[in-house]
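Accompanying notes for the structure given below.
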Amino acid sequence: MKIISDYRKDTQTAKPIPGSYEWWYFDAISEDGYSIVIIFYEGNPFSRRYIDKLERSTDAAAMNFPALSISLYKEGSPLYYGFRECEPSQASFSADQPEGEVEGSFFSCEEMSGELIYRVNLNQSLSGGDSIRGELEFRSASRELFEAGEDQGEKSHLWNLIQPKCSVSGKLQISGYSEERILFNGTGYHDHNTGAEPMKESFDEWYWGRYHLRESTLIYYLMNLGGKWEKAFWLIGDDGHVEQGNSAVMSEKGLSLFGLETARKIEFTGENFKAMLQLDRVIDNGPFYQRYSGRVLLDRGGEPETARGISEYIRPDRIYSRLFWPLVNMRISYPGEDHWVQRSPFLYRWTW
């Protein structure tokens with residue numbers, strides 16, 4: 001994996017290999033208990049339609065499977081969930097500047113006086129009557145932090161870590177089953193991932209997470225391919241100083257409802273710090289994917305510091321098992337194929 005931090009490369013890339021994918025990820029946690037995760041996709045790697053096309057032919061192009069997922073939580077419980085794939089004509093991404101649009105929701109970026117400002121406008125409606133509308137602004141210093149990893153040629157996975165920590169503010173309106181108007185004020189994160197081959201070819205398991213502390217952010221990924229683990233994590237100071245860790249140890253594995261065996265405790269050790277992460281609350285649970293709200297304890301030799309944050313786990317080979325597709329179909333809306341469960345506001349919530 002190649003890791004960079006350059007907003008000028010937060011743009012659409014060529015994806016000639018069938019099964020490739022690209023996503024722009026934003027998340028934020030507010031001061032009053034709300035959290036949100038927003039992902040724009042060109043080449044939705046979780047798409048049953050994309051995988052079916054990939055297995056049946058050799059012309060499965062990422063551009064034909066754009067999507068947008070929005071997950072909003074209140075005190076760790078889902079308040080809104082939408083994952084909609086759309087027709088290529090309903091999405092666009094720029095290869096020249098950081099901006100993209102999916103079904104009327106869009107993101108854009110500008111740099112002003114050394115500050116990066118990302119604006120994310122949301123306008124998503126679901127077949128069951130739920131909708132989310134609003135705008136969030138992600139602000140951070142404009143800086144290139146570091147470059148790590150190896151470029152593996154045409155099949156390389158690129159992770160662009162653009163805003164490890166940023167202030168987030170804005171307004172959101174939730175309508176339908178729930179009615180809430182949210183004045184959002186908190187802390188967030190933005191990155192951009194490009195995979196130049198099907199996800200299951202790049203890794204067997206993937207752990208990722210980010211935790212904002214008072215003056216720094218802990219970011220990690222742990223990637224398993226063929227039993228060989230690649231582990232990397234950093235403590236990134238608000239001033240841009242980067243401390244790379246030395247070792248990460250996973251423990252307390254347990255089975256999920258769908259048979260995923262995941263570690264609930266990760267201990268990180270760096271030259272000048274130790275951090276213990278406990279993944280104590282599952283906020284999104286599926287057959288190939290889990291999202292956690294976790295708590296980290298950071299020790300730098302003085303008074304320990306704690307913070308809550310977001311972690312994820314992916315087992316991509318599970319996506320290709322047709323055994324799980326009926327469950328996936330309830331969660332992802334495909335063009336012209338809204339599942340009958342999604343049309344019921346009450347039943348749809350059981351899939352969250």
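Here, A, B, ... name the chains of the structure tokens in the order displayed, residue numbers run from 1 inside each chain, and ligands are numbered from 1 in the same displayed order.
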
* Picked from range 40-232 of chain A by DSSP as strand (DSSP E or B), as a PyMOL selection string -> chain A and resi 40-42+66-74+77-85+91-93+99-102+105-112+115-125+131-141+148-149+157-175+180-195+205-212+216-225+228-232

I need the residues from that last selection saved to file as a compact mmCIF listing (two decimals), in the first residue's frame (with C-alpha atoms), if you can.
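Final file, part_17.txt:
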```
# COMPACT_ATOMS: atom_id res chain seq x y z
CA PHE A 40 -18.76 8.66 -2.07
CA TYR A 41 -17.89 5.70 -4.33
CA GLU A 42 -16.87 5.29 -7.93
CA PRO A 66 -21.22 4.88 -8.35
CA ALA A 67 -22.81 5.04 -4.91
CA LEU A 68 -23.21 7.10 -1.76
CA SER A 69 -23.53 5.80 1.80
CA ILE A 70 -24.56 7.99 4.74
CA SER A 71 -24.71 6.72 8.34
CA LEU A 72 -25.81 9.04 11.13
CA TYR A 73 -25.69 7.96 14.78
CA LYS A 74 -27.00 9.48 17.98
CA SER A 77 -27.33 4.21 17.87
CA PRO A 78 -28.30 4.53 14.18
CA LEU A 79 -30.58 7.49 13.44
CA TYR A 80 -30.32 7.41 9.64
CA TYR A 81 -28.83 4.90 7.20
CA GLY A 82 -28.79 5.16 3.43
CA PHE A 83 -26.63 3.28 0.93
CA ARG A 84 -27.72 4.05 -2.62
CA GLU A 85 -26.09 2.95 -5.85
CA ALA A 91 -22.75 10.77 -10.71
CA SER A 92 -19.58 12.60 -11.65
CA PHE A 93 -16.06 12.94 -10.24
CA GLU A 99 -14.97 17.32 -6.15
CA GLY A 100 -17.62 14.75 -6.86
CA GLU A 101 -21.39 14.28 -6.98
CA VAL A 102 -23.75 11.34 -6.52
CA SER A 105 -25.14 15.09 -2.95
CA PHE A 106 -21.66 16.46 -3.55
CA PHE A 107 -18.32 17.46 -2.06
CA SER A 108 -15.84 20.14 -3.07
CA CYS A 109 -12.62 21.64 -1.75
CA GLU A 110 -10.78 24.93 -1.75
CA GLU A 111 -7.55 26.11 -0.16
CA MET A 112 -7.52 29.57 1.41
CA GLU A 115 -6.40 26.24 5.21
CA LEU A 116 -8.25 23.38 3.54
CA ILE A 117 -12.03 23.74 3.40
CA TYR A 118 -14.12 20.77 2.26
CA ARG A 119 -17.85 21.30 1.86
CA VAL A 120 -20.09 18.24 1.83
CA ASN A 121 -23.70 18.83 0.75
CA LEU A 122 -26.14 16.01 1.45
CA ASN A 123 -29.45 15.50 -0.36
CA GLN A 124 -30.52 11.87 -0.12
CA SER A 125 -34.04 10.40 -0.04
CA SER A 131 -34.32 11.73 3.96
CA ILE A 132 -31.26 13.68 5.02
CA ARG A 133 -30.34 17.15 3.82
CA GLY A 134 -27.77 19.69 4.87
CA GLU A 135 -24.19 20.85 4.59
CA LEU A 136 -21.07 20.14 6.62
CA GLU A 137 -17.80 22.05 6.41
CA PHE A 138 -14.50 20.29 7.17
CA ARG A 139 -11.66 22.73 7.98
CA SER A 140 -8.01 21.95 8.67
CA ALA A 141 -4.51 23.23 8.04
CA ALA A 148 4.96 5.81 3.36
CA GLY A 149 4.59 2.32 1.91
CA HIS A 157 -3.67 0.47 -3.32
CA LEU A 158 -3.36 4.22 -2.67
CA TRP A 159 -4.45 5.79 0.62
CA ASN A 160 -4.46 9.59 0.62
CA LEU A 161 -4.66 10.82 4.23
CA ILE A 162 -5.80 14.39 3.64
CA GLN A 163 -7.40 15.63 6.86
CA PRO A 164 -6.38 13.49 9.86
CA LYS A 165 -8.10 16.00 12.13
CA CYS A 166 -10.36 18.90 11.27
CA SER A 167 -13.11 21.02 12.73
CA VAL A 168 -16.58 20.22 11.38
CA SER A 169 -19.64 22.45 11.50
CA GLY A 170 -22.95 22.70 9.71
CA LYS A 171 -26.64 21.84 9.70
CA LEU A 172 -28.47 18.57 9.04
CA GLN A 173 -32.18 17.90 8.67
CA ILE A 174 -33.48 14.35 9.18
CA SER A 175 -37.06 13.72 7.99
CA GLU A 180 -34.48 16.08 13.81
CA ARG A 181 -32.72 19.31 13.00
CA ILE A 182 -29.05 19.12 14.02
CA LEU A 183 -26.64 22.00 14.45
CA PHE A 184 -23.41 20.06 14.04
CA ASN A 185 -20.22 21.19 15.73
CA GLY A 186 -17.35 18.79 16.31
CA THR A 187 -14.21 17.12 14.99
CA GLY A 188 -13.75 15.09 11.82
CA TYR A 189 -11.54 13.27 9.36
CA HIS A 190 -11.23 12.85 5.57
CA ASP A 191 -9.30 10.43 3.39
CA HIS A 192 -9.38 8.99 -0.13
CA ASN A 193 -8.75 5.36 -1.11
CA THR A 194 -8.14 3.84 -4.53
CA GLY A 195 -7.90 0.12 -5.13
CA GLU A 205 -8.82 -8.73 6.48
CA TRP A 206 -8.59 -5.01 7.17
CA TYR A 207 -8.76 -3.11 10.46
CA TRP A 208 -8.79 0.70 10.37
CA GLY A 209 -9.56 3.44 12.86
CA ARG A 210 -8.99 7.03 13.96
CA TYR A 211 -9.17 8.57 17.43
CA HIS A 212 -8.91 12.30 18.09
CA SER A 216 -3.10 14.60 18.37
CA THR A 217 -4.89 11.86 16.42
CA LEU A 218 -4.19 8.12 16.47
CA ILE A 219 -4.68 6.52 13.03
CA TYR A 220 -4.01 2.88 12.23
CA TYR A 221 -4.49 0.13 9.68
CA LEU A 222 -3.82 -3.58 10.12
CA MET A 223 -4.00 -5.58 6.90
CA ASN A 224 -3.79 -9.36 6.50
CA LEU A 225 -2.99 -10.97 3.15
CA LYS A 228 1.00 -12.04 6.57
CA TRP A 229 0.07 -8.94 8.54
CA GLU A 230 1.04 -5.42 7.53
CA LYS A 231 0.60 -3.12 10.52
CA ALA A 232 1.02 0.63 10.53
```

* To do: Compile the contact shell of Gly76 in chain A as a list in words: residues with an atom at most 9 Å away, counting only C-alpha atoms, same-chain residues fewer than 4 positions apart removed.
  =>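 These residues fall inside the cut-off: Gly33, Tyr34, Ser35, Arg281, Val282, Ile283 and Ser293 of chain A.
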
* Neighbour list for Ile332 in chain A as JSON, numbers by chain, cut-off 12 Å, only C-alpha atoms, skip fewer than 2 positions in-chain -> {"A": [44, 45, 46, 47, 48, 49, 67, 68, 69, 70, 81, 82, 83, 84, 85, 86, 126, 127, 286, 325, 326, 327, 328, 329, 330, 334, 335, 336, 337, 338, 339, 340, 341, 342, 348, 351, 352]}

* Asked: Where in range 92-210 of chain A does DSSP assign alpha helix (DSSP H), given as a list in words?
  -> Met199, Lys200, Glu201 and Ser202 of chain A

* Out of A:Thr269, A:Thr306, A:Gln90, A:Ser321, which residue has the shortest atom-to-atom distance to Pro287 in chain A when counting only C-alpha atoms? ->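 Among the listed residues, A:Ser321 lies closest to Pro287 in chain A.
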
* Computed interatomic separation between CA of Leu213 in chain A and CA of Arg315 in chain A (Å) -> 28.3 Å

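Minimum atom-to-atom distance to Leu255 in chain A, evaluated using only C-alpha atoms, belongs to A:Gln290 out of A:Gly227, A:Leu235, A:Arg322, A:Gln290.
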
* Would you mind reading off the distance between CA of Arg56 in chain A and CA of Glu87 in chain A, one decimal, in Å? => 19.5 Å
